[in-house]
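Chemist: One structure is given below, represented as structure tokens, and several questions about it will come after.
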Amino acid sequence: MQVRAYPVRAGACPRPPAPVIIGAMSLADWLSGRKSHADRLPERIDELRGPAQGVIMLPRHLALPGMRECDVTDDTTRRNMYGIVLTQGQRNDVARFLNPRLLRADWPLIKDALDPKLRGACERRFQLDGQARAEV
């Protein structure tokens, strides 16, 4: 198969740019696999069954370099891991790795780092908004 190149005449107008088929996408949308936040969250906070202590080994699709093992008893490590799981994880990841009691305790500290749409979905789904406001 041959590809023909057509010469452009001198003084001819260049072709208009091609229409944009795929628009700009936020990093959060790209990382989440384009599922809506509601589709990626369990229905109720009671469905979260993550451990309250010990070390979690994150699967490769959630792990950042140098952060595959997360000690749940280390507050900073746990909060970072919860943020990663909420922003990048699927429904089963959220249910498997997040502990409901620890999420409620950490919510005032991690909520501002999340995408506003994800934060709102978590607050509605897990009833975290009233609890977070009551602690302020």
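Each chain in the structure tokens gets a letter, A, B, ..., in the order shown, and its residues are numbered from 1; ligands are numbered from 1 in order too.
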Compile the contact shell of segment 71-82 of chain A as a compact mmCIF listing (two decimals) with N, CA and C atoms, in the first residue's frame: residues with an atom at most 7 Å away, counting only C-alpha atoms, same-chain residues fewer than 6 positions apart removed.
Modeler:
# COMPACT_ATOMS: atom_id res chain seq x y z
N ALA A 52 -8.18 -2.51 61.03
CA ALA A 52 -7.90 -1.39 61.92
C ALA A 52 -6.46 -1.40 62.39
N GLN A 53 -5.74 -2.48 62.09
CA GLN A 53 -4.33 -2.56 62.45
C GLN A 53 -3.64 -3.53 61.50
N GLY A 54 -2.31 -3.45 61.46
CA GLY A 54 -1.54 -4.33 60.60
C GLY A 54 -1.05 -3.61 59.35
N VAL A 55 -0.44 -4.38 58.48
CA VAL A 55 0.14 -3.85 57.24
C VAL A 55 -0.69 -4.35 56.06
N ILE A 56 -1.05 -3.41 55.20
CA ILE A 56 -1.81 -3.74 53.99
C ILE A 56 -0.84 -3.71 52.82
N LEU A 98 -10.49 0.09 53.30
CA LEU A 98 -10.86 1.17 54.21
C LEU A 98 -11.64 0.64 55.40
N ASP A 106 -10.44 9.95 60.35
CA ASP A 106 -9.51 10.65 59.46
C ASP A 106 -10.19 11.63 58.51
N ILE A 110 -8.50 14.31 55.65
CA ILE A 110 -8.25 13.92 54.26
C ILE A 110 -9.24 14.51 53.28
Chemist: Would you please extract all helix (DSSP H, G or I) residues from segment 36-127 of chain A, as assigned by DSSP on the backbone, and give them as a PyMOL selection string?
Modeler: chain A and resi 37-40+45-47+75-88+91-97+100-113+116-126
Chemist: Which residue out of A:Trp107, A:Leu86, A:Pro116, A:Phe97 has the minimum interatomic distance to Glu69 of chain A when only C-alpha atoms are used?
Modeler: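 Checking each of A:Trp107, A:Leu86, A:Pro116, A:Phe97 against Glu69 of chain A, counting only C-alpha atoms, the winner is A:Phe97.
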